[in-house]
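Following: one structure in structure tokens, then a few remarks.
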Amino acid sequence: MRRERIQELISQFSRKPIIVLGDFMIDEYIFGQVERISPEAPVPVVEQRRVQRIPGGAGNVVCNLRALGVPVIAAGICGKDDRGQELFDDLVGLGVNKESVLFEALDRPTTRKTRIFAANQQVCRLDLEDRSPIDTDTVTRIMERLQQPLKESAAVILSDYDKGVIVPHLIQQIVASAQSTQTYVSVDPQVTHFSQYNFVDILTPNHLEAGRFLQRELKTDDAVEQGGREILERLQCKSLLITRGEKGMTLIEPHQTRHFPTVATEVFDVTGAGDTVISVFTLVMACGGTLEEAVHLSNFAAGIVIRRIGAATVEPSELLLASQ
């Protein structure tokens, strides 16, 4: 892409908000070092040195968009607990729009993923969560709060981590409402709800998620292309972007398929890379970019974040380097 074109797109990033609807959580990182093995069991003893907590899941999508200067409306749930308050405060600190809504749920904790690192190597992960589906009343409350923002937003991203917020009833209502307001809809899907994402503008599964939905492996270019076309036909979505790790990305449309090689030269941590892809891809499309431009910039952005430890974001100045 030409540098001038990337600058033109970047200049439009702050014009209209994007709605992020999905599973918000806390990503907790505990950094330490290992100098001995526990006398209680054959496991390392990690001596804690530093703790970092940041918004995760749909919250990481918000972080990616805000790093690029995009106004964001956040919609989801959290627990009525200390971590829920921390998540809310973090989102406010990021500058999400006042129309944002993070309903407190009395019957579940705020989802938290704790990753323990020693010498930049992840030792283990501890999850605290309740994945039970939200009830009809909560779906109604979310939709009521989003009716006006949908009319004013450039796009809506459904960030599905299978933690209970993205349920079939909510999917159907948000897609129908977005269609009536001509709002672009992009989805980072989980296999649990894959079949529910009918008529959306773009799905961005990785090759493993797409393969599990089709109940077969998608390893080769031909297999990915054939499987992608089957997904398009079954779901009637407009396009499909399958991320394939070191093999890059494949963009599948009704009448053509294009393969894009990865731009990553080193991989340290793939945490949150899918969030970066859907954030940048959706943003480019919301600014009037083409599918090819959206793939190009999201591919470049993903190549940046996987070279960093933990969930990371990309700055506009870094996107400009895509032209070089």
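In the structure tokens, the first chain shown is A, the next is B, and so on; residue numbers restart at 1 for each chain, and ligands run from 1 in the order shown.
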Could you name the residues that touch segment 123-131 of chain A at 6 Å or less, counting only C-alpha atoms, but leaving out those on the same chain fewer than 4 positions away, as a PDB file with C-alpha atoms, in the first residue's frame?
```pdb
ATOM      1  CA  ARG A 108     -20.913 -14.543  38.197  1.00  0.00           C
ATOM      2  CA  THR A 111     -13.726 -13.342  33.987  1.00  0.00           C
ATOM      3  CA  ARG A 112     -10.011 -13.383  34.694  1.00  0.00           C
ATOM      4  CA  LYS A 113      -7.122 -15.135  32.944  1.00  0.00           C
ATOM      5  CA  THR A 114      -3.943 -15.222  35.003  1.00  0.00           C
ATOM      6  CA  ARG A 115      -0.746 -16.050  33.122  1.00  0.00           C
ATOM      7  CA  ILE A 116       2.405 -16.771  35.118  1.00  0.00           C
ATOM      8  CA  PHE A 117       5.731 -16.023  33.419  1.00  0.00           C
ATOM      9  CA  LYS A 163     -17.909 -16.636  28.150  1.00  0.00           C
ATOM     10  CA  GLY A 164     -21.694 -16.268  28.010  1.00  0.00           C
TER      11      GLY A 164
END
```
>> Set the distance at 9 Å and use only C-alpha atoms: which residues neighbour segment 218-222 of chain A once local chain neighbours fewer than 6 positions away are removed? I'd like the list as a ChimeraX atom specification.
In response: /A:207-208,210-211,244,250,259
Write out, as a PDB file, in the first residue's frame, the residues just selected, with C-alpha atoms.
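Final output, again.pdb:
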```pdb
ATOM      1  CA  HIS A 207      -7.927 -22.150  10.567  1.00  0.00           C
ATOM      2  CA  LEU A 208      -8.462 -24.361  13.630  1.00  0.00           C
ATOM      3  CA  ALA A 210     -12.977 -22.917  10.874  1.00  0.00           C
ATOM      4  CA  GLY A 211     -11.896 -26.556  10.731  1.00  0.00           C
ATOM      5  CA  ARG A 244      -3.402 -19.302   9.425  1.00  0.00           C
ATOM      6  CA  THR A 250      -6.746 -16.259   3.307  1.00  0.00           C
ATOM      7  CA  HIS A 259      -3.818 -15.803  -0.024  1.00  0.00           C
TER       8      HIS A 259
END
```
> Cys78 of chain A: which residues within 9 Å, counting only C-alpha atoms, same-chain residues fewer than 5 positions away excluded, as a PyMOL selection string?
Replying inline: chain A and resi 23-25+83-85+87-88+102-106+108-111
With N, CA and C atoms retained, could you export that selection as a compact mmCIF listing (two decimals), in the first residue's frame?
```txt
# COMPACT_ATOMS: atom_id res chain seq x y z
N ASP A 23 -17.32 -10.50 25.21
CA ASP A 23 -16.88 -11.02 26.50
C ASP A 23 -15.69 -10.21 27.01
N PHE A 24 -15.97 -9.34 27.99
CA PHE A 24 -14.91 -8.55 28.60
C PHE A 24 -14.32 -9.30 29.78
N MET A 25 -13.02 -9.15 29.96
CA MET A 25 -12.35 -9.86 31.05
C MET A 25 -11.09 -9.12 31.46
N ARG A 83 -12.52 -6.92 40.69
CA ARG A 83 -11.98 -6.99 39.34
C ARG A 83 -12.94 -6.35 38.34
N GLY A 84 -14.23 -6.46 38.59
CA GLY A 84 -15.21 -5.81 37.72
C GLY A 84 -15.07 -4.30 37.78
N GLN A 85 -14.88 -3.77 38.98
CA GLN A 85 -14.68 -2.33 39.14
C GLN A 85 -13.38 -1.90 38.48
N LEU A 87 -11.96 -3.38 35.91
CA LEU A 87 -12.18 -3.43 34.47
C LEU A 87 -12.93 -2.19 34.01
N PHE A 88 -13.96 -1.80 34.74
CA PHE A 88 -14.73 -0.60 34.40
C PHE A 88 -13.83 0.63 34.44
N LEU A 102 -21.44 -1.62 30.67
CA LEU A 102 -20.88 -2.86 31.19
C LEU A 102 -21.74 -3.23 32.40
N PHE A 103 -22.78 -4.06 32.15
CA PHE A 103 -23.72 -4.42 33.21
C PHE A 103 -23.06 -5.31 34.26
N GLU A 104 -23.34 -5.03 35.52
CA GLU A 104 -22.83 -5.87 36.60
C GLU A 104 -23.73 -7.08 36.77
N ALA A 105 -23.14 -8.26 36.81
CA ALA A 105 -23.88 -9.51 37.02
C ALA A 105 -23.63 -9.99 38.44
N LEU A 106 -24.71 -10.21 39.18
CA LEU A 106 -24.58 -10.63 40.58
C LEU A 106 -24.25 -12.11 40.71
N ARG A 108 -22.15 -14.03 38.78
CA ARG A 108 -20.91 -14.54 38.20
C ARG A 108 -19.76 -13.61 38.51
N PRO A 109 -18.55 -14.15 38.53
CA PRO A 109 -17.38 -13.29 38.74
C PRO A 109 -16.97 -12.62 37.44
N THR A 110 -16.18 -11.58 37.55
CA THR A 110 -15.54 -11.01 36.37
C THR A 110 -14.54 -12.05 35.84
N THR A 111 -14.64 -12.36 34.57
CA THR A 111 -13.73 -13.34 33.99
C THR A 111 -12.29 -12.85 34.10
```
Write out as a PDB file with C-alpha atoms, in the first residue's frame the residues lying within 9 Å of Pro17 of chain A, counting only C-alpha atoms and excluding same-chain residues fewer than 5 positions away.
```pdb
ATOM      1  CA  VAL A  70     -10.879   5.343  17.505  1.00  0.00           C
ATOM      2  CA  PRO A  71     -13.923   6.365  19.593  1.00  0.00           C
ATOM      3  CA  VAL A  72     -15.285   3.144  21.126  1.00  0.00           C
ATOM      4  CA  ILE A  73     -18.589   2.106  22.669  1.00  0.00           C
ATOM      5  CA  ASN A  97     -17.680   6.671  24.975  1.00  0.00           C
ATOM      6  CA  PRO A 149     -25.264   4.115  19.205  1.00  0.00           C
ATOM      7  CA  GLU A 152     -24.217   6.699  14.915  1.00  0.00           C
ATOM      8  CA  SER A 153     -21.450   4.072  14.660  1.00  0.00           C
ATOM      9  CA  ALA A 154     -19.331   3.020  11.703  1.00  0.00           C
ATOM     10  CA  ALA A 155     -19.211  -0.653  12.694  1.00  0.00           C
TER      11      ALA A 155
END
```
Among segment 154-271 of chain A, which ones does DSSP place in helix (DSSP H, G or I), written as an mmCIF file with N, CA and C atoms, in the first residue's frame?
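Produced file selection-v2.cif, reproduced below:
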```cif
data_model
loop_
_atom_site.group_PDB
_atom_site.id
_atom_site.type_symbol
_atom_site.label_atom_id
_atom_site.label_comp_id
_atom_site.auth_asym_id
_atom_site.auth_seq_id
_atom_site.Cartn_x
_atom_site.Cartn_y
_atom_site.Cartn_z
ATOM 1 N N PRO A 168 -27.223 -16.776 20.918
ATOM 2 C CA PRO A 168 -27.957 -16.696 19.642
ATOM 3 C C PRO A 168 -28.963 -15.556 19.569
ATOM 4 N N HIS A 169 -29.715 -15.343 20.648
ATOM 5 C CA HIS A 169 -30.742 -14.293 20.633
ATOM 6 C C HIS A 169 -30.118 -12.916 20.445
ATOM 7 N N LEU A 170 -28.977 -12.679 21.089
ATOM 8 C CA LEU A 170 -28.288 -11.398 20.958
ATOM 9 C C LEU A 170 -27.687 -11.248 19.564
ATOM 10 N N ILE A 171 -27.113 -12.325 19.043
ATOM 11 C CA ILE A 171 -26.542 -12.278 17.693
ATOM 12 C C ILE A 171 -27.603 -11.878 16.677
ATOM 13 N N GLN A 172 -28.741 -12.529 16.738
ATOM 14 C CA GLN A 172 -29.820 -12.261 15.775
ATOM 15 C C GLN A 172 -30.285 -10.811 15.864
ATOM 16 N N GLN A 173 -30.425 -10.302 17.081
ATOM 17 C CA GLN A 173 -30.931 -8.937 17.247
ATOM 18 C C GLN A 173 -29.906 -7.895 16.793
ATOM 19 N N ILE A 174 -28.641 -8.105 17.146
ATOM 20 C CA ILE A 174 -27.636 -7.094 16.791
ATOM 21 C C ILE A 174 -27.397 -7.068 15.282
ATOM 22 N N VAL A 175 -27.412 -8.239 14.640
ATOM 23 C CA VAL A 175 -27.209 -8.282 13.192
ATOM 24 C C VAL A 175 -28.386 -7.632 12.470
ATOM 25 N N ALA A 176 -29.601 -7.915 12.920
ATOM 26 C CA ALA A 176 -30.786 -7.313 12.296
ATOM 27 C C ALA A 176 -30.788 -5.800 12.474
ATOM 28 N N SER A 177 -30.447 -5.338 13.671
ATOM 29 C CA SER A 177 -30.418 -3.898 13.923
ATOM 30 C C SER A 177 -29.329 -3.221 13.100
ATOM 31 N N ALA A 178 -28.182 -3.867 12.988
ATOM 32 C CA ALA A 178 -27.088 -3.298 12.207
ATOM 33 C C ALA A 178 -27.449 -3.220 10.726
ATOM 34 N N GLN A 179 -28.146 -4.214 10.233
ATOM 35 C CA GLN A 179 -28.571 -4.188 8.838
ATOM 36 C C GLN A 179 -29.516 -3.022 8.585
ATOM 37 N N SER A 180 -30.389 -2.749 9.536
ATOM 38 C CA SER A 180 -31.352 -1.659 9.353
ATOM 39 C C SER A 180 -30.689 -0.291 9.379
ATOM 40 N N THR A 181 -29.531 -0.198 10.049
ATOM 41 C CA THR A 181 -28.808 1.078 10.112
ATOM 42 C C THR A 181 -27.595 1.093 9.175
ATOM 43 N N VAL A 191 -16.379 -21.505 18.083
ATOM 44 C CA VAL A 191 -17.044 -22.631 17.430
ATOM 45 C C VAL A 191 -18.453 -22.837 17.979
ATOM 46 N N THR A 192 -18.652 -22.565 19.279
ATOM 47 C CA THR A 192 -19.955 -22.783 19.918
ATOM 48 C C THR A 192 -21.085 -22.076 19.173
ATOM 49 N N HIS A 193 -20.818 -20.847 18.686
ATOM 50 C CA HIS A 193 -21.869 -20.055 18.038
ATOM 51 C C HIS A 193 -21.631 -19.865 16.543
ATOM 52 N N PHE A 194 -20.690 -20.592 15.982
ATOM 53 C CA PHE A 194 -20.285 -20.362 14.598
ATOM 54 C C PHE A 194 -21.477 -20.388 13.647
ATOM 55 N N SER A 195 -22.356 -21.335 13.844
ATOM 56 C CA SER A 195 -23.482 -21.496 12.918
ATOM 57 C C SER A 195 -24.519 -20.388 13.047
ATOM 58 N N GLN A 196 -24.403 -19.549 14.089
ATOM 59 C CA GLN A 196 -25.386 -18.487 14.314
ATOM 60 C C GLN A 196 -25.037 -17.188 13.585
ATOM 61 N N HIS A 207 -7.674 -20.936 11.346
ATOM 62 C CA HIS A 207 -7.927 -22.150 10.567
ATOM 63 C C HIS A 207 -8.403 -23.310 11.446
ATOM 64 N N LEU A 208 -8.006 -23.301 12.733
ATOM 65 C CA LEU A 208 -8.462 -24.361 13.630
ATOM 66 C C LEU A 208 -9.944 -24.212 13.948
ATOM 67 N N GLU A 209 -10.383 -22.968 14.208
ATOM 68 C CA GLU A 209 -11.804 -22.725 14.490
ATOM 69 C C GLU A 209 -12.669 -23.048 13.282
ATOM 70 N N ALA A 210 -12.226 -22.617 12.097
ATOM 71 C CA ALA A 210 -12.977 -22.917 10.874
ATOM 72 C C ALA A 210 -13.035 -24.421 10.639
ATOM 73 N N GLY A 211 -11.927 -25.118 10.911
ATOM 74 C CA GLY A 211 -11.896 -26.556 10.731
ATOM 75 C C GLY A 211 -12.798 -27.287 11.701
ATOM 76 N N ARG A 212 -12.839 -26.836 12.935
ATOM 77 C CA ARG A 212 -13.720 -27.485 13.917
ATOM 78 C C ARG A 212 -15.185 -27.295 13.546
ATOM 79 N N PHE A 213 -15.515 -26.134 13.014
ATOM 80 C CA PHE A 213 -16.890 -25.902 12.569
ATOM 81 C C PHE A 213 -17.265 -26.865 11.442
ATOM 82 N N LEU A 214 -16.341 -27.109 10.536
ATOM 83 C CA LEU A 214 -16.602 -28.000 9.402
ATOM 84 C C LEU A 214 -16.300 -29.460 9.729
ATOM 85 N N ASP A 221 -3.754 -24.839 1.130
ATOM 86 C CA ASP A 221 -4.464 -23.725 0.499
ATOM 87 C C ASP A 221 -5.793 -24.199 -0.084
ATOM 88 N N ASP A 222 -5.781 -25.335 -0.766
ATOM 89 C CA ASP A 222 -6.995 -25.852 -1.395
ATOM 90 C C ASP A 222 -8.052 -26.201 -0.355
ATOM 91 N N ALA A 223 -7.621 -26.806 0.752
ATOM 92 C CA ALA A 223 -8.570 -27.176 1.801
ATOM 93 C C ALA A 223 -9.185 -25.942 2.447
ATOM 94 N N VAL A 224 -8.354 -24.921 2.669
ATOM 95 C CA VAL A 224 -8.851 -23.675 3.252
ATOM 96 C C VAL A 224 -9.837 -22.997 2.305
ATOM 97 N N GLU A 225 -9.501 -22.966 1.021
ATOM 98 C CA GLU A 225 -10.384 -22.325 0.054
ATOM 99 C C GLU A 225 -11.713 -23.064 -0.048
ATOM 100 N N GLN A 226 -11.674 -24.385 -0.146
ATOM 101 C CA GLN A 226 -12.908 -25.162 -0.249
ATOM 102 C C GLN A 226 -13.744 -25.024 1.021
ATOM 103 N N GLY A 227 -13.081 -25.123 2.187
ATOM 104 C CA GLY A 227 -13.805 -24.980 3.446
ATOM 105 C C GLY A 227 -14.387 -23.591 3.614
ATOM 106 N N GLY A 228 -13.622 -22.576 3.218
ATOM 107 C CA GLY A 228 -14.111 -21.206 3.325
ATOM 108 C C GLY A 228 -15.342 -20.963 2.482
ATOM 109 N N ARG A 229 -15.348 -21.500 1.283
ATOM 110 C CA ARG A 229 -16.515 -21.319 0.407
ATOM 111 C C ARG A 229 -17.738 -22.031 0.981
ATOM 112 N N GLU A 230 -17.488 -23.151 1.628
ATOM 113 C CA GLU A 230 -18.604 -23.861 2.269
ATOM 114 C C GLU A 230 -19.183 -23.037 3.413
ATOM 115 N N ILE A 231 -18.311 -22.388 4.184
ATOM 116 C CA ILE A 231 -18.788 -21.538 5.278
ATOM 117 C C ILE A 231 -19.583 -20.352 4.737
ATOM 118 N N LEU A 232 -19.067 -19.713 3.687
ATOM 119 C CA LEU A 232 -19.785 -18.594 3.075
ATOM 120 C C LEU A 232 -21.184 -19.014 2.637
ATOM 121 N N GLU A 233 -21.267 -20.178 2.019
ATOM 122 C CA GLU A 233 -22.558 -20.640 1.509
ATOM 123 C C GLU A 233 -23.517 -20.976 2.638
ATOM 124 N N ARG A 234 -22.990 -21.590 3.685
ATOM 125 C CA ARG A 234 -23.857 -22.011 4.792
ATOM 126 C C ARG A 234 -24.345 -20.833 5.623
ATOM 127 N N LEU A 235 -23.497 -19.834 5.803
ATOM 128 C CA LEU A 235 -23.844 -18.712 6.676
ATOM 129 C C LEU A 235 -24.310 -17.475 5.922
ATOM 130 N N GLY A 245 -1.748 -18.512 11.020
ATOM 131 C CA GLY A 245 -0.452 -18.540 11.675
ATOM 132 C C GLY A 245 0.678 -18.187 10.730
ATOM 133 N N GLU A 246 1.693 -19.050 10.694
ATOM 134 C CA GLU A 246 2.867 -18.784 9.855
ATOM 135 C C GLU A 246 2.549 -18.839 8.366
ATOM 136 N N LYS A 247 1.373 -19.366 8.004
ATOM 137 C CA LYS A 247 0.981 -19.413 6.595
ATOM 138 C C LYS A 247 0.239 -18.152 6.158
#
```
> How many Å lie between atom CA of Gly248 of chain A and atom CA of Pro261 of chain A, rounded to one decimal?
Replying inline: 4.3 Å
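For the pair atom CA of Pro55 of chain A and atom CA of Asp90 of chain A, the interatomic distance is 7.0 Å.
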> Which polymer residues have any atom within 12 Å of an atom of Pro316 of chain A, counting only C-alpha atoms, with same-chain residues fewer than 4 positions away left out, as an NGL selection string?
Replying inline: :A and (3 or 6-14 or 64-70 or 280 or 283 or 297 or 300-301 or 320-322)
Take the residues from that selection and write them out as an mmCIF file, in the first residue's frame, keeping N, CA and C atoms.
```cif
data_model
loop_
_atom_site.group_PDB
_atom_site.id
_atom_site.type_symbol
_atom_site.label_atom_id
_atom_site.label_comp_id
_atom_site.auth_asym_id
_atom_site.auth_seq_id
_atom_site.Cartn_x
_atom_site.Cartn_y
_atom_site.Cartn_z
ATOM 1 N N ARG A 3 2.069 4.888 1.051
ATOM 2 C CA ARG A 3 2.087 5.612 2.320
ATOM 3 C C ARG A 3 0.980 6.664 2.366
ATOM 4 N N ILE A 6 -2.323 5.035 3.254
ATOM 5 C CA ILE A 6 -2.406 4.676 4.668
ATOM 6 C C ILE A 6 -2.660 5.924 5.514
ATOM 7 N N GLN A 7 -1.990 7.014 5.179
ATOM 8 C CA GLN A 7 -2.209 8.272 5.899
ATOM 9 C C GLN A 7 -3.645 8.760 5.731
ATOM 10 N N GLU A 8 -4.183 8.585 4.535
ATOM 11 C CA GLU A 8 -5.573 8.985 4.281
ATOM 12 C C GLU A 8 -6.533 8.200 5.163
ATOM 13 N N LEU A 9 -6.302 6.884 5.296
ATOM 14 C CA LEU A 9 -7.151 6.056 6.148
ATOM 15 C C LEU A 9 -6.994 6.444 7.612
ATOM 16 N N ILE A 10 -5.759 6.627 8.048
ATOM 17 C CA ILE A 10 -5.504 6.993 9.442
ATOM 18 C C ILE A 10 -6.186 8.311 9.807
ATOM 19 N N SER A 11 -6.241 9.231 8.871
ATOM 20 C CA SER A 11 -6.862 10.531 9.141
ATOM 21 C C SER A 11 -8.354 10.407 9.432
ATOM 22 N N GLN A 12 -8.950 9.268 9.085
ATOM 23 C CA GLN A 12 -10.383 9.065 9.299
ATOM 24 C C GLN A 12 -10.690 8.211 10.520
ATOM 25 N N PHE A 13 -9.660 7.720 11.203
ATOM 26 C CA PHE A 13 -9.866 6.790 12.314
ATOM 27 C C PHE A 13 -10.756 7.359 13.418
ATOM 28 N N SER A 14 -10.677 8.650 13.655
ATOM 29 C CA SER A 14 -11.377 9.232 14.808
ATOM 30 C C SER A 14 -12.741 9.813 14.467
ATOM 31 N N ASN A 64 -6.977 -2.045 21.414
ATOM 32 C CA ASN A 64 -6.418 -1.917 20.071
ATOM 33 C C ASN A 64 -7.009 -0.722 19.336
ATOM 34 N N LEU A 65 -8.309 -0.560 19.412
ATOM 35 C CA LEU A 65 -8.971 0.539 18.718
ATOM 36 C C LEU A 65 -8.597 1.890 19.328
ATOM 37 N N ARG A 66 -8.548 1.962 20.663
ATOM 38 C CA ARG A 66 -8.215 3.222 21.304
ATOM 39 C C ARG A 66 -6.766 3.628 21.011
ATOM 40 N N ALA A 67 -5.864 2.637 20.900
ATOM 41 C CA ALA A 67 -4.478 2.947 20.568
ATOM 42 C C ALA A 67 -4.368 3.591 19.196
ATOM 43 N N LEU A 68 -5.363 3.328 18.348
ATOM 44 C CA LEU A 68 -5.386 3.906 17.005
ATOM 45 C C LEU A 68 -6.239 5.173 16.945
ATOM 46 N N GLY A 69 -6.717 5.629 18.110
ATOM 47 C CA GLY A 69 -7.463 6.880 18.169
ATOM 48 C C GLY A 69 -8.928 6.770 17.832
ATOM 49 N N VAL A 70 -9.491 5.562 17.905
ATOM 50 C CA VAL A 70 -10.879 5.343 17.505
ATOM 51 C C VAL A 70 -11.824 5.540 18.692
ATOM 52 N N VAL A 280 -8.150 -3.886 13.419
ATOM 53 C CA VAL A 280 -7.604 -3.124 12.300
ATOM 54 C C VAL A 280 -8.407 -3.376 11.029
ATOM 55 N N LEU A 283 -11.693 -1.485 11.264
ATOM 56 C CA LEU A 283 -11.450 -0.044 11.203
ATOM 57 C C LEU A 283 -11.195 0.411 9.773
ATOM 58 N N LEU A 297 -3.277 -4.229 6.110
ATOM 59 C CA LEU A 297 -2.928 -3.529 7.346
ATOM 60 C C LEU A 297 -3.135 -4.402 8.581
ATOM 61 N N PHE A 300 -0.197 -6.773 8.773
ATOM 62 C CA PHE A 300 0.988 -6.072 9.253
ATOM 63 C C PHE A 300 0.894 -5.836 10.757
ATOM 64 N N ALA A 301 -0.283 -5.430 11.230
ATOM 65 C CA ALA A 301 -0.470 -5.168 12.659
ATOM 66 C C ALA A 301 -0.273 -6.438 13.480
ATOM 67 N N LEU A 320 1.987 3.057 9.489
ATOM 68 C CA LEU A 320 2.607 3.763 8.369
ATOM 69 C C LEU A 320 3.824 3.010 7.815
ATOM 70 N N LEU A 321 4.458 2.226 8.667
ATOM 71 C CA LEU A 321 5.620 1.467 8.214
ATOM 72 C C LEU A 321 5.239 0.369 7.218
ATOM 73 N N ALA A 322 3.933 0.079 7.130
ATOM 74 C CA ALA A 322 3.472 -0.937 6.177
ATOM 75 C C ALA A 322 3.751 -0.525 4.748
#
```
>> I need the residues in segment 103-253 of chain A that are strand (DSSP E or B) according to DSSP; give them as JSON, numbers by chain.
In response: {"A": [103, 104, 105, 112, 113, 114, 115, 116, 117, 118, 121, 122, 123, 124, 125, 126, 127, 128, 155, 156, 157, 158, 159, 184, 185, 186, 187, 188, 202, 203, 206, 239, 240, 241, 242, 243, 249, 250, 251, 252, 253]}
> Quick one: distance from atom CA of Tyr29 of chain A to atom CA of Asp275 of chain A in Å, one decimal?
Replying inline: 17.8 Å
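Of the residues under consideration (A:His296, A:Ile157, A:Leu251, A:Thr257), A:Ile157 shows the shortest atom-to-atom contact distance to Ile278 of chain A when counting only C-alpha atoms.
Of the listed residues A:Cys237, A:Val187, A:Val165, A:Val34, the one whose atoms come nearest to Phe199 of chain A is A:Cys237, with distances taken using only C-alpha atoms.
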> Near Thr313 of chain A, within 12 Å and counting only C-alpha atoms, which residues show up once chain neighbours fewer than 4 positions away are dropped, as a ChimeraX atom specification?
Replying inline: /A:54-56,59-69,271-277,279-280,298,300-309,317-319
Output N, CA and C atoms for every residue in the selection just made, as a compact mmCIF listing (two decimals), in the first residue's frame.
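Everything below was put into result-v5.txt:
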```txt
# COMPACT_ATOMS: atom_id res chain seq x y z
N ILE A 54 -4.67 -5.90 32.69
CA ILE A 54 -5.19 -5.07 31.61
C ILE A 54 -6.50 -5.66 31.11
N PRO A 55 -7.33 -4.88 30.44
CA PRO A 55 -8.55 -5.43 29.86
C PRO A 55 -8.23 -6.52 28.83
N GLY A 56 -8.94 -7.62 28.92
CA GLY A 56 -8.72 -8.74 27.98
C GLY A 56 -9.99 -9.09 27.25
N GLY A 59 -12.17 -6.53 25.80
CA GLY A 59 -11.45 -5.37 26.32
C GLY A 59 -10.16 -5.12 25.55
N ASN A 60 -9.53 -6.18 25.07
CA ASN A 60 -8.32 -6.01 24.28
C ASN A 60 -8.64 -5.43 22.90
N VAL A 61 -9.81 -5.75 22.37
CA VAL A 61 -10.24 -5.12 21.12
C VAL A 61 -10.39 -3.62 21.34
N VAL A 62 -10.99 -3.25 22.47
CA VAL A 62 -11.12 -1.83 22.81
C VAL A 62 -9.73 -1.18 22.90
N CYS A 63 -8.79 -1.85 23.57
CA CYS A 63 -7.43 -1.31 23.69
C CYS A 63 -6.79 -1.08 22.33
N ASN A 64 -6.98 -2.04 21.41
CA ASN A 64 -6.42 -1.92 20.07
C ASN A 64 -7.01 -0.72 19.34
N LEU A 65 -8.31 -0.56 19.41
CA LEU A 65 -8.97 0.54 18.72
C LEU A 65 -8.60 1.89 19.33
N ARG A 66 -8.55 1.96 20.66
CA ARG A 66 -8.21 3.22 21.30
C ARG A 66 -6.77 3.63 21.01
N ALA A 67 -5.86 2.64 20.90
CA ALA A 67 -4.48 2.95 20.57
C ALA A 67 -4.37 3.59 19.20
N LEU A 68 -5.36 3.33 18.35
CA LEU A 68 -5.39 3.91 17.00
C LEU A 68 -6.24 5.17 16.94
N GLY A 69 -6.72 5.63 18.11
CA GLY A 69 -7.46 6.88 18.17
C GLY A 69 -8.93 6.77 17.83
N THR A 271 -0.79 -14.19 21.95
CA THR A 271 -1.91 -13.71 22.76
C THR A 271 -2.48 -12.41 22.19
N GLY A 272 -3.78 -12.41 21.90
CA GLY A 272 -4.44 -11.19 21.46
C GLY A 272 -4.25 -10.84 20.00
N ALA A 273 -3.54 -11.67 19.24
CA ALA A 273 -3.30 -11.33 17.83
C ALA A 273 -4.61 -11.29 17.05
N GLY A 274 -5.54 -12.19 17.37
CA GLY A 274 -6.84 -12.18 16.69
C GLY A 274 -7.61 -10.90 16.96
N ASP A 275 -7.46 -10.37 18.18
CA ASP A 275 -8.12 -9.10 18.51
C ASP A 275 -7.55 -7.96 17.67
N THR A 276 -6.25 -7.98 17.46
CA THR A 276 -5.62 -6.96 16.63
C THR A 276 -6.10 -7.05 15.19
N VAL A 277 -6.19 -8.27 14.68
CA VAL A 277 -6.62 -8.47 13.30
C VAL A 277 -8.02 -7.92 13.08
N SER A 279 -9.71 -5.81 14.88
CA SER A 279 -9.77 -4.37 15.16
C SER A 279 -9.34 -3.57 13.94
N VAL A 280 -8.15 -3.89 13.42
CA VAL A 280 -7.60 -3.12 12.30
C VAL A 280 -8.41 -3.38 11.03
N SER A 298 -4.17 -5.23 8.60
CA SER A 298 -4.38 -6.11 9.75
C SER A 298 -3.30 -7.18 9.82
N PHE A 300 -0.20 -6.77 8.77
CA PHE A 300 0.99 -6.07 9.25
C PHE A 300 0.89 -5.84 10.76
N ALA A 301 -0.28 -5.43 11.23
CA ALA A 301 -0.47 -5.17 12.66
C ALA A 301 -0.27 -6.44 13.48
N ALA A 302 -0.81 -7.55 12.99
CA ALA A 302 -0.63 -8.82 13.70
C ALA A 302 0.84 -9.21 13.78
N GLY A 303 1.57 -8.93 12.70
CA GLY A 303 2.99 -9.23 12.69
C GLY A 303 3.76 -8.45 13.74
N ILE A 304 3.25 -7.28 14.12
CA ILE A 304 3.89 -6.47 15.16
C ILE A 304 3.60 -7.04 16.54
N VAL A 305 2.33 -7.32 16.84
CA VAL A 305 1.96 -7.69 18.21
C VAL A 305 2.48 -9.06 18.61
N ILE A 306 2.65 -9.98 17.67
CA ILE A 306 3.13 -11.31 18.06
C ILE A 306 4.62 -11.32 18.35
N ARG A 307 5.30 -10.19 18.10
CA ARG A 307 6.70 -10.08 18.47
C ARG A 307 6.87 -9.52 19.89
N ARG A 308 5.73 -9.33 20.58
CA ARG A 308 5.76 -8.78 21.94
C ARG A 308 5.12 -9.75 22.91
N ILE A 309 5.52 -9.68 24.17
CA ILE A 309 4.96 -10.55 25.20
C ILE A 309 3.63 -9.97 25.68
N SER A 317 1.54 5.28 13.89
CA SER A 317 2.86 5.45 13.26
C SER A 317 3.42 4.11 12.80
N GLU A 318 3.09 3.04 13.52
CA GLU A 318 3.57 1.72 13.13
C GLU A 318 2.87 1.22 11.87
N LEU A 319 1.60 1.56 11.73
CA LEU A 319 0.89 1.17 10.51
C LEU A 319 1.50 1.86 9.29
```
>> Need the shell around Ser186 of chain A: protein/DNA/RNA residues with any atom at most 9 Å away, counting only C-alpha atoms. Skip same-chain ones fewer than 4 positions apart. Format as a ChimeraX atom specification?
In response: /A:155-159,200-204,278,281-282
